[in-house]
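Below is one structure; the comments refer to it alone.
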Amino acid sequence: QAGIAIHHAKEAGRNTLRFFNQDMQDIINVRASLEHELRIAVDKSHFELYYQVQVNAAKQALGAEALIRWPHRKHGLVSPGKFIPLAEVTGLIVPIGRWVVETACAQLGEWQKDALTRDLSLAVNVSALQFRQSDFVTQVQAAVQRHAIPPSLLKLELTESLLQEDIDITVATMTALKEVGVQFSLDDFGTGYSSLQYLKQLPLNQFKIDQSFVRDITTNSSDEAIVKTIISMAQTLHIEVIAEGVETEEQRQLLLACGCTVFQGYLFSKPVPMDEFEAMLRDDQNMDKTL
Ligand code: C2E
Ligand code: MG
Ligand code: MG
Ligand code: MG
């Protein structure tokens, strides 16, 4: 595409060509400065975790998913969709991921001090490159021990594509982590190509139905059929199912009828900073949001 654009620019004359090159240069500059700023943020651990509640059928809080944010002086709070891909290609996801695991375990450690939060689980997203680091298992184990948390409260969210990269390494790493005692959730489930045959080899605790199936579940019968298939696969494998991106009571009702037992989405809460998350738990006590 760039080649075609250059060709047209040449036809239009020298000035246009120079102008086009300037555009290209701008893109390269923005990318380079963003990468430079991301490196500085990594050095200073200048990130925040937001927390989105996960609830059971009675709308009681079971735990949360930790979602990273990058506070940027010019761009405000940068969402992970905007910088995680850059972090992945530059390898910066490795130190970022380490910070996420450490911060999540520290938070679980804090939660242990309060009866209101003691039993809540915390899910963190794990990138492929992070999962493939030879010291990943040691890292997770060290963080769990350092903060003296029950390991089963930490849930690692993995994606189908991550798991399929190298089945032998995947099974070995997951088995070692299972010994540590952490849980596994298969994130964005349904968007990849996992077979039952493949999935039964993995020590998964939860399937997380991708929000793309939840979005139109009340109007699109094939989405409903896919959700039902995922749930029956999960039941066969004795795996819990959580639906993500639940925005309406109608979606929740239908998911419930399909056999889904855990829910996450704007219907309950958007991702919020920890002080807001804890305030929400306290405020909602009368609304039965906590166990
Ligand atoms: P994900 O793990 O699938 O997270 C779900 C995303 O959906 C989050 O976006 C969340 O804010 C959003 N969401 C939750 N409920 C609803 C809803 O009801 N409706 C809609 N439309 N969206 C909802 P977010 O926070 O922007 O994160 C995007 C993705 O970035 C995550 O997708 C995950 O893949 C990645 N990510 C986030 N934090 C981390 C992290 O710490 N490490 C890594 N490696 N990736 C992360
Ligand atoms: Mg996730
Ligand atoms: Mg997801
Ligand atoms: Mg998703």
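All residue names refer to the structure tokens as shown: chains lettered A, B, ... in order, residues numbered from 1 in each chain, ligands numbered from 1 in order.
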
Return as a tab-separated table the residues of chain A lying at most 9 Å from ligand 2, together with the closest atom-to-atom pair for each and the distance in Å to one decimal, counting only C-alpha atoms and all ligand atoms, with rows in chain order and ascending residue number.
residue	atom	partner	partner_atom_place_in_ligand_line	distance
A:Glu65	CA	ligand 2	1 (Mg)	6.9
A:Ala66	CA	ligand 2	1 (Mg)	8.1
A:Leu67	CA	ligand 2	1 (Mg)	7.6
A:Ala123	CA	ligand 2	1 (Mg)	7.5
A:Val124	CA	ligand 2	1 (Mg)	6.8
A:Asn125	CA	ligand 2	1 (Mg)	5.2
A:Val126	CA	ligand 2	1 (Mg)	8.4
A:Leu156	CA	ligand 2	1 (Mg)	8.8
A:Glu157	CA	ligand 2	1 (Mg)	5.7
A:Leu158	CA	ligand 2	1 (Mg)	7.8
A:Thr159	CA	ligand 2	1 (Mg)	8.6
A:Ser185	CA	ligand 2	1 (Mg)	8.6
A:Leu186	CA	ligand 2	1 (Mg)	8.6
A:Asp187	CA	ligand 2	1 (Mg)	5.5
A:Asp188	CA	ligand 2	1 (Mg)	7.2
A:Lys208	CA	ligand 2	1 (Mg)	8.2
A:Glu244	CA	ligand 2	1 (Mg)	8.6

Q) Within 9 Å of Gln141 of chain A, counting only C-alpha atoms, which residues qualify if same-chain residues fewer than 3 places away don't, as a list in words? A)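 Using only C-alpha atoms, the neighbours found are Phe136, Val137, Thr138, Val144, Gln145, Arg146, Pro151, Leu177, Val180, Gly181 and Val182 of chain A.
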
Q: Mind giving me the straight-line distance from atom 30 (O, counted along the ligand's line) of ligand 1 to atom CA of Gly81 of chain A in Å, one decimal?
A: 5.1 Å

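As for atom CA of Arg215 of chain A and atom CA of Leu267 of chain A, they are spaced 12.2 Å apart.
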
Q: Please run DSSP on the backbone and report, as a count of residues only, all residues within segment 36-248 of chain A that come out as strand (DSSP E).
A: 50

(Q) So that I can see what lies close to Phe189 of chain A, please list as a list of chain:residue names the residues with an atom at most 10 Å from it, counting only C-alpha atoms and leaving out residues fewer than 6 positions away in the same chain. (A)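 Those residues are A:Leu158, A:Thr159, A:Glu160, A:Gln206, A:Phe207, A:Lys208, A:Ile209, A:Asp210, A:Gln211, A:Ser212, A:Phe213, A:Val227, A:Ile230, A:Val241, A:Ile242, A:Ala243, A:Glu244.
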
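When only C-alpha atoms are used to compute distances to Val55 of chain A, the closest of the residues A:Gln139, A:Met174, A:Ile167, A:Ser121 turns out to be A:Ser121.
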
Q.
Please compute the atom CA of Gly259 of chain A-atom CA of Lys228 of chain A distance, one decimal, in Å.
A. 7.8 Å

Q) When DSSP works through the backbone of this structure, what residues of segment 150-285 of chain A end up as helix (DSSP H, G or I), shown as a PyMOL selection string? A) chain A and resi 151-153+160-164+167-180+196-199+211-215+221-237+249-258+274-285

Q: Measuring atom to atom with only C-alpha atoms and all ligand atoms, identify which of A:Ala257, A:Gln112, A:Arg282, A:Pro80 is nearest to ligand 4.
A: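 Among A:Ala257, A:Gln112, A:Arg282, A:Pro80, it is A:Pro80 that comes nearest to ligand 4.
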